[in-house]
file entry-v6.cif (mmCIF, N, CA and C atoms and all ligand atoms)
data_data
loop_
_atom_site.label_atom_id
_atom_site.label_comp_id
_atom_site.auth_asym_id
_atom_site.auth_seq_id
_atom_site.Cartn_x
_atom_site.Cartn_y
_atom_site.Cartn_z
N MET O 1068 -176.12 -187.10 110.11
CA MET O 1068 -175.36 -187.73 111.20
C MET O 1068 -176.35 -188.35 112.19
N ARG O 1069 -176.10 -189.57 112.57
CA ARG O 1069 -177.03 -190.23 113.47
C ARG O 1069 -176.36 -190.52 114.80
N SER O 1070 -177.08 -190.24 115.84
CA SER O 1070 -176.56 -190.45 117.18
C SER O 1070 -177.16 -191.72 117.77
N ASN O 1071 -176.41 -192.39 118.62
CA ASN O 1071 -176.93 -193.57 119.27
C ASN O 1071 -177.56 -193.25 120.62
N MET O 1072 -177.42 -192.02 121.04
CA MET O 1072 -177.93 -191.63 122.34
C MET O 1072 -179.35 -191.10 122.22
N PRO O 1073 -180.13 -191.25 123.31
CA PRO O 1073 -181.48 -190.68 123.27
C PRO O 1073 -181.44 -189.18 123.10
N THR O 1074 -182.40 -188.66 122.39
CA THR O 1074 -182.46 -187.22 122.21
C THR O 1074 -183.61 -186.64 123.02
N MET O 1075 -183.43 -185.40 123.43
CA MET O 1075 -184.50 -184.73 124.13
C MET O 1075 -185.02 -183.60 123.27
N LYS O 1076 -186.32 -183.57 123.14
CA LYS O 1076 -186.94 -182.52 122.35
C LYS O 1076 -187.72 -181.59 123.26
N ILE O 1077 -187.56 -180.31 123.03
CA ILE O 1077 -188.32 -179.32 123.77
C ILE O 1077 -189.12 -178.52 122.76
N THR O 1078 -190.43 -178.48 122.96
CA THR O 1078 -191.30 -177.80 122.02
C THR O 1078 -192.02 -176.63 122.69
N TRP O 1079 -192.10 -175.54 121.99
CA TRP O 1079 -192.76 -174.32 122.49
C TRP O 1079 -194.25 -174.40 122.26
N HIS O 1080 -195.01 -174.12 123.30
CA HIS O 1080 -196.47 -174.12 123.16
C HIS O 1080 -197.05 -172.80 123.65
N ILE O 1081 -197.92 -172.23 122.85
CA ILE O 1081 -198.55 -170.97 123.24
C ILE O 1081 -199.97 -171.23 123.75
N LYS O 1082 -200.48 -170.26 124.50
CA LYS O 1082 -201.91 -170.28 124.83
C LYS O 1082 -202.62 -169.76 123.60
N LYS O 1083 -203.51 -170.55 123.07
CA LYS O 1083 -204.13 -170.15 121.80
C LYS O 1083 -205.31 -169.23 122.03
N ASP O 1084 -205.00 -167.97 122.33
CA ASP O 1084 -206.05 -166.98 122.41
C ASP O 1084 -205.56 -165.68 121.79
N LEU O 1085 -206.37 -164.66 121.83
CA LEU O 1085 -206.05 -163.41 121.14
C LEU O 1085 -204.97 -162.60 121.84
N LEU O 1086 -204.64 -162.95 123.09
CA LEU O 1086 -203.67 -162.16 123.83
C LEU O 1086 -202.23 -162.53 123.51
N VAL O 1087 -202.06 -163.61 122.79
CA VAL O 1087 -200.70 -164.06 122.48
C VAL O 1087 -200.02 -163.06 121.56
N CYS O 1088 -198.80 -162.66 121.92
CA CYS O 1088 -198.09 -161.67 121.11
C CYS O 1088 -197.53 -162.32 119.84
N PRO O 1089 -197.23 -161.50 118.83
CA PRO O 1089 -196.76 -162.03 117.54
C PRO O 1089 -195.50 -162.87 117.66
N VAL O 1090 -194.60 -162.48 118.57
CA VAL O 1090 -193.36 -163.24 118.73
C VAL O 1090 -193.68 -164.67 119.19
N CYS O 1091 -194.49 -164.76 120.25
CA CYS O 1091 -194.86 -166.07 120.76
C CYS O 1091 -195.61 -166.89 119.71
N ARG O 1092 -196.47 -166.20 118.97
CA ARG O 1092 -197.24 -166.90 117.96
C ARG O 1092 -196.32 -167.56 116.93
N SER O 1093 -195.25 -166.87 116.59
CA SER O 1093 -194.34 -167.45 115.59
C SER O 1093 -193.44 -168.51 116.22
N LEU O 1094 -193.41 -168.55 117.56
CA LEU O 1094 -192.61 -169.59 118.22
C LEU O 1094 -193.40 -170.89 118.40
N GLU O 1095 -194.71 -170.82 118.23
CA GLU O 1095 -195.56 -171.99 118.44
C GLU O 1095 -195.04 -173.19 117.64
N GLY O 1096 -194.81 -174.27 118.37
CA GLY O 1096 -194.37 -175.50 117.71
C GLY O 1096 -192.88 -175.57 117.44
N TYR O 1097 -192.16 -174.49 117.74
CA TYR O 1097 -190.72 -174.52 117.50
C TYR O 1097 -190.09 -175.58 118.42
N THR O 1098 -189.19 -176.38 117.87
CA THR O 1098 -188.64 -177.48 118.63
C THR O 1098 -187.12 -177.42 118.70
N TRP O 1099 -186.60 -177.58 119.91
CA TRP O 1099 -185.16 -177.72 120.10
C TRP O 1099 -184.88 -179.20 120.32
N THR O 1100 -183.83 -179.70 119.70
CA THR O 1100 -183.46 -181.09 119.89
C THR O 1100 -182.07 -181.17 120.51
N PHE O 1101 -181.96 -181.91 121.59
CA PHE O 1101 -180.68 -182.03 122.28
C PHE O 1101 -180.24 -183.49 122.33
N ASP O 1102 -178.97 -183.68 122.16
CA ASP O 1102 -178.37 -185.00 122.34
C ASP O 1102 -178.06 -185.12 123.82
N THR O 1103 -178.71 -186.08 124.48
CA THR O 1103 -178.57 -186.16 125.94
C THR O 1103 -177.17 -186.56 126.37
N SER O 1104 -176.36 -187.04 125.45
CA SER O 1104 -174.99 -187.38 125.82
C SER O 1104 -174.13 -186.12 125.93
N LYS O 1105 -174.65 -185.01 125.43
CA LYS O 1105 -173.90 -183.75 125.49
C LYS O 1105 -174.77 -182.70 126.15
N ASP O 1106 -175.36 -183.06 127.28
CA ASP O 1106 -176.34 -182.14 127.86
C ASP O 1106 -175.73 -180.85 128.38
N ASP O 1107 -174.40 -180.80 128.49
CA ASP O 1107 -173.78 -179.55 128.91
C ASP O 1107 -174.00 -178.46 127.85
N LYS O 1108 -174.28 -178.91 126.64
CA LYS O 1108 -174.51 -177.95 125.56
C LYS O 1108 -175.83 -177.21 125.69
N MET O 1109 -176.74 -177.78 126.47
CA MET O 1109 -178.05 -177.17 126.62
C MET O 1109 -177.96 -175.81 127.30
N GLY O 1110 -177.07 -175.70 128.27
CA GLY O 1110 -176.95 -174.44 128.98
C GLY O 1110 -178.19 -174.12 129.79
N ASP O 1111 -178.34 -172.88 130.15
CA ASP O 1111 -179.46 -172.48 130.99
C ASP O 1111 -180.59 -171.82 130.22
N VAL O 1112 -180.34 -171.53 128.95
CA VAL O 1112 -181.38 -170.87 128.17
C VAL O 1112 -181.62 -171.59 126.85
N LEU O 1113 -182.83 -171.44 126.36
CA LEU O 1113 -183.15 -171.92 125.02
C LEU O 1113 -183.01 -170.74 124.08
N LYS O 1114 -182.26 -170.96 123.01
CA LYS O 1114 -182.06 -169.86 122.07
C LYS O 1114 -182.76 -170.14 120.75
N HIS O 1115 -183.36 -169.09 120.23
CA HIS O 1115 -184.03 -169.17 118.94
C HIS O 1115 -183.19 -168.41 117.93
N PRO O 1116 -183.06 -168.93 116.71
CA PRO O 1116 -182.21 -168.27 115.70
C PRO O 1116 -182.59 -166.82 115.41
N VAL O 1117 -183.86 -166.48 115.55
CA VAL O 1117 -184.30 -165.11 115.26
C VAL O 1117 -184.42 -164.27 116.53
N TYR O 1118 -185.01 -164.84 117.59
CA TYR O 1118 -185.34 -164.05 118.77
C TYR O 1118 -184.30 -164.17 119.89
N GLY O 1119 -183.27 -164.98 119.69
CA GLY O 1119 -182.24 -165.12 120.71
C GLY O 1119 -182.74 -165.95 121.89
N ALA O 1120 -182.29 -165.60 123.10
CA ALA O 1120 -182.69 -166.35 124.29
C ALA O 1120 -184.18 -166.13 124.55
N VAL O 1121 -184.96 -167.21 124.51
CA VAL O 1121 -186.40 -167.08 124.68
C VAL O 1121 -186.91 -167.79 125.94
N TRP O 1122 -186.07 -168.68 126.51
CA TRP O 1122 -186.52 -169.41 127.71
C TRP O 1122 -185.34 -169.56 128.66
N GLY O 1123 -185.53 -169.18 129.91
CA GLY O 1123 -184.48 -169.30 130.91
C GLY O 1123 -184.93 -170.16 132.06
N LEU O 1124 -184.11 -170.20 133.11
CA LEU O 1124 -184.42 -171.05 134.25
C LEU O 1124 -185.74 -170.65 134.92
N GLN O 1125 -186.10 -169.38 134.83
CA GLN O 1125 -187.33 -168.90 135.46
C GLN O 1125 -188.52 -168.98 134.53
N GLY O 1126 -188.30 -169.46 133.33
CA GLY O 1126 -189.41 -169.56 132.38
C GLY O 1126 -189.18 -168.68 131.17
N SER O 1127 -190.28 -168.27 130.57
CA SER O 1127 -190.20 -167.50 129.33
C SER O 1127 -189.48 -166.17 129.52
N LEU O 1128 -188.68 -165.81 128.53
CA LEU O 1128 -187.97 -164.53 128.55
C LEU O 1128 -188.61 -163.52 127.60
N ILE O 1129 -189.73 -163.93 127.00
CA ILE O 1129 -190.41 -163.05 126.05
C ILE O 1129 -191.23 -162.01 126.80
N LYS O 1130 -191.10 -160.78 126.37
CA LYS O 1130 -191.95 -159.73 126.95
C LYS O 1130 -193.12 -159.50 126.01
N GLU O 1131 -194.27 -160.01 126.41
CA GLU O 1131 -195.45 -159.84 125.55
C GLU O 1131 -196.04 -158.46 125.74
N GLU O 1132 -196.63 -157.97 124.67
CA GLU O 1132 -197.23 -156.63 124.71
C GLU O 1132 -198.35 -156.55 125.73
N ASN O 1133 -199.11 -157.63 125.85
CA ASN O 1133 -200.30 -157.59 126.70
C ASN O 1133 -200.05 -158.16 128.09
N GLY O 1134 -198.80 -158.21 128.51
CA GLY O 1134 -198.54 -158.70 129.86
C GLY O 1134 -197.57 -159.85 129.88
N LYS O 1135 -197.71 -160.66 130.91
CA LYS O 1135 -196.77 -161.75 131.14
C LYS O 1135 -196.96 -162.86 130.11
N CYS O 1136 -195.85 -163.34 129.63
CA CYS O 1136 -195.90 -164.46 128.70
C CYS O 1136 -196.42 -165.70 129.40
N ARG O 1137 -197.37 -166.36 128.77
CA ARG O 1137 -197.97 -167.55 129.39
C ARG O 1137 -197.61 -168.82 128.62
N CYS O 1138 -196.59 -168.72 127.80
CA CYS O 1138 -196.21 -169.88 127.00
C CYS O 1138 -195.62 -170.98 127.88
N GLU O 1139 -195.66 -172.18 127.35
CA GLU O 1139 -195.10 -173.33 128.06
C GLU O 1139 -194.19 -174.09 127.13
N ILE O 1140 -193.27 -174.85 127.72
CA ILE O 1140 -192.47 -175.74 126.90
C ILE O 1140 -192.75 -177.17 127.34
N LYS O 1141 -192.66 -178.07 126.38
CA LYS O 1141 -192.94 -179.47 126.65
C LYS O 1141 -191.69 -180.29 126.36
N HIS O 1142 -191.30 -181.11 127.32
CA HIS O 1142 -190.13 -181.97 127.15
C HIS O 1142 -190.57 -183.33 126.63
N GLU O 1143 -189.76 -183.85 125.77
CA GLU O 1143 -190.08 -185.17 125.22
C GLU O 1143 -188.76 -185.88 124.97
N VAL O 1144 -188.62 -187.06 125.55
CA VAL O 1144 -187.37 -187.80 125.36
C VAL O 1144 -187.61 -188.94 124.38
N ASP O 1145 -186.79 -188.96 123.36
CA ASP O 1145 -186.91 -190.00 122.36
C ASP O 1145 -185.90 -191.10 122.68
N LEU O 1146 -186.43 -192.25 123.10
CA LEU O 1146 -185.55 -193.34 123.52
C LEU O 1146 -185.36 -194.39 122.44
N SER O 1147 -185.86 -194.14 121.24
CA SER O 1147 -185.79 -195.17 120.20
C SER O 1147 -184.34 -195.51 119.87
N ASP O 1148 -183.48 -194.49 119.86
CA ASP O 1148 -182.07 -194.74 119.59
C ASP O 1148 -181.42 -195.55 120.69
N ALA O 1149 -181.79 -195.25 121.93
CA ALA O 1149 -181.24 -195.97 123.06
C ALA O 1149 -181.64 -197.44 123.01
N ALA O 1150 -182.87 -197.69 122.60
CA ALA O 1150 -183.36 -199.06 122.50
C ALA O 1150 -182.56 -199.83 121.46
N ALA O 1151 -182.28 -199.18 120.33
CA ALA O 1151 -181.51 -199.81 119.27
C ALA O 1151 -180.09 -200.13 119.77
N ARG O 1152 -179.56 -199.23 120.58
CA ARG O 1152 -178.22 -199.40 121.10
C ARG O 1152 -178.16 -200.59 122.07
N LEU O 1153 -179.18 -200.68 122.92
CA LEU O 1153 -179.25 -201.79 123.88
C LEU O 1153 -179.36 -203.12 123.15
N ARG O 1154 -180.13 -203.13 122.08
CA ARG O 1154 -180.27 -204.36 121.29
C ARG O 1154 -178.92 -204.79 120.75
N LYS O 1155 -178.14 -203.83 120.28
CA LYS O 1155 -176.82 -204.11 119.72
C LYS O 1155 -175.90 -204.71 120.77
N ILE O 1156 -175.92 -204.10 121.96
CA ILE O 1156 -175.09 -204.60 123.06
C ILE O 1156 -175.49 -206.03 123.43
N ARG O 1157 -176.81 -206.25 123.48
CA ARG O 1157 -177.32 -207.57 123.82
C ARG O 1157 -176.87 -208.61 122.79
N ASP O 1158 -176.96 -208.23 121.51
CA ASP O 1158 -176.55 -209.15 120.44
C ASP O 1158 -175.07 -209.48 120.55
N ARG O 1159 -174.29 -208.45 120.86
CA ARG O 1159 -172.84 -208.64 120.98
C ARG O 1159 -172.54 -209.60 122.13
N LEU O 1160 -173.24 -209.40 123.26
CA LEU O 1160 -173.04 -210.27 124.41
C LEU O 1160 -173.45 -211.70 124.07
N ALA O 1161 -174.54 -211.84 123.36
CA ALA O 1161 -175.04 -213.17 123.01
C ALA O 1161 -174.02 -213.90 122.14
N THR O 1162 -173.41 -213.15 121.22
CA THR O 1162 -172.40 -213.73 120.34
C THR O 1162 -171.21 -214.22 121.15
N LYS O 1163 -170.80 -213.36 122.08
CA LYS O 1163 -169.65 -213.69 122.93
C LYS O 1163 -169.91 -214.95 123.74
N LEU O 1164 -171.08 -214.98 124.37
CA LEU O 1164 -171.42 -216.10 125.24
C LEU O 1164 -171.54 -217.39 124.41
N GLY O 1165 -172.06 -217.26 123.18
CA GLY O 1165 -172.23 -218.39 122.30
C GLY O 1165 -170.89 -219.04 121.97
N ARG O 1166 -169.89 -218.19 121.82
CA ARG O 1166 -168.57 -218.72 121.46
C ARG O 1166 -167.80 -219.21 122.69
N GLY O 1167 -168.22 -218.64 123.89
CA GLY O 1167 -167.48 -218.84 125.13
C GLY O 1167 -167.25 -220.29 125.43
ZN ZN A 1 -195.49 -166.12 125.25
#

call {"tool": "encode", "arguments": {"input": "entry-v6.cif", "output": "structure tokens", "more": "lines below"}}
Ligand SMILES: [Zn+2]
result
Amino acid sequence: MRSNMPTMKITWHIKKDLLVCPVCRSLEGYTWTFDTSKDDKMGDVLKHPVYGAVWGLQGSLIKEENGKCRCEIKHEVDLSDAAARLRKIRDRLATKLGRG
């Protein structure tokens, strides 16, 4: 299924050192993809299929063995779909004006 709306990707990034707990290590690079037209679906937490809620409004929800979780998430908005949509609208307008 293809969406015409821009998508937002959130990727989990760990601090790459020996203190990272096994849970965080397995989350490294995990990506959530959201359709920005349905952003209400995002909610307040990021959920992982295995570990459940892993990120909340205050940050990481993971309890690392060696202390506070230092993981970060990176937001990335993919506008390629939006650009394609704008092109379509522009073409439609051009057709209309041409016939006008
Ligand atoms: Zn962590």

call {"tool": "atom_distance", "arguments": {"input": "entry-v6.cif", "atom1": "CA of His1080 in chain O", "atom2": "CA of Thr1100 in chain O"}}
result
15.1 Å

call {"tool": "residues_near_ligand", "arguments": {"input": "entry-v6.cif", "ligand": "ligand ZN 1 (chain A)", "cutoff": "5 Å", "atoms": "all atoms listed in the file", "output": "list in words"}}
result
Cys1091, Cys1136, Arg1137 and Cys1138 of chain O

call {"tool": "closest_residue", "arguments": {"input": "entry-v6.cif", "among": "O:Lys1114, O:Ala1151, O:Ser1104, O:Val1090", "to": "Ile1129 in chain O", "atoms": "all atoms listed in the file"}}
result
O:Val1090

call {"tool": "closest_residue", "arguments": {"input": "entry-v6.cif", "among": "O:Trp1079, O:Trp1122, O:Asp1158, O:Pro1073", "to": "Ile1140 in chain O", "atoms": "all atoms listed in the file"}}
result
O:Trp1079

call {"tool": "atom_distance", "arguments": {"input": "entry-v6.cif", "atom1": "atom C of Thr1162 in chain O", "atom2": "atom C of Thr1103 in chain O"}}
result
28.8 Å

call {"tool": "closest_residue", "arguments": {"input": "entry-v6.cif", "among": "O:Cys1088, O:Ala1120, O:Leu1113, O:Met1075", "to": "Asn1133 in chain O", "atoms": "only C-alpha atoms"}}
result
O:Cys1088

call {"tool": "atom_distance", "arguments": {"input": "entry-v6.cif", "atom1": "CA of Leu1146 in chain O", "atom2": "CA of Thr1074 in chain O"}}
result
7.0 Å

call {"tool": "closest_residue", "arguments": {"input": "entry-v6.cif", "among": "O:Ile1077, O:Leu1086, O:Leu1124, O:Ile1156", "to": "Thr1098 in chain O", "atoms": "all atoms listed in the file"}}
result
O:Ile1077

call {"tool": "select_by_dssp", "arguments": {"input": "entry-v6.cif", "residues": "range 1077-1144 of chain O", "states": "helix (DSSP H, G or I)", "output": "MDAnalysis selection string"}}
result
chainID O and resid 1089:1094 1103:1109

call {"tool": "select_by_dssp", "arguments": {"input": "entry-v6.cif", "residues": "range 1082-1164 of chain O", "states": "strand (DSSP E)", "output": "JSON, numbers by chain"}}
result
{"O": [1098, 1099, 1100, 1101, 1102, 1113, 1114, 1115, 1119, 1120, 1121, 1122, 1123, 1126, 1127, 1130, 1131, 1134, 1135, 1139, 1140, 1141, 1142, 1143, 1144, 1145]}

call {"tool": "closest_residue", "arguments": {"input": "entry-v6.cif", "among": "O:Gly1165, O:Gly1134, O:Thr1078, O:Gly1110", "to": "Leu1094 in chain O", "atoms": "all atoms listed in the file"}}
result
O:Thr1078
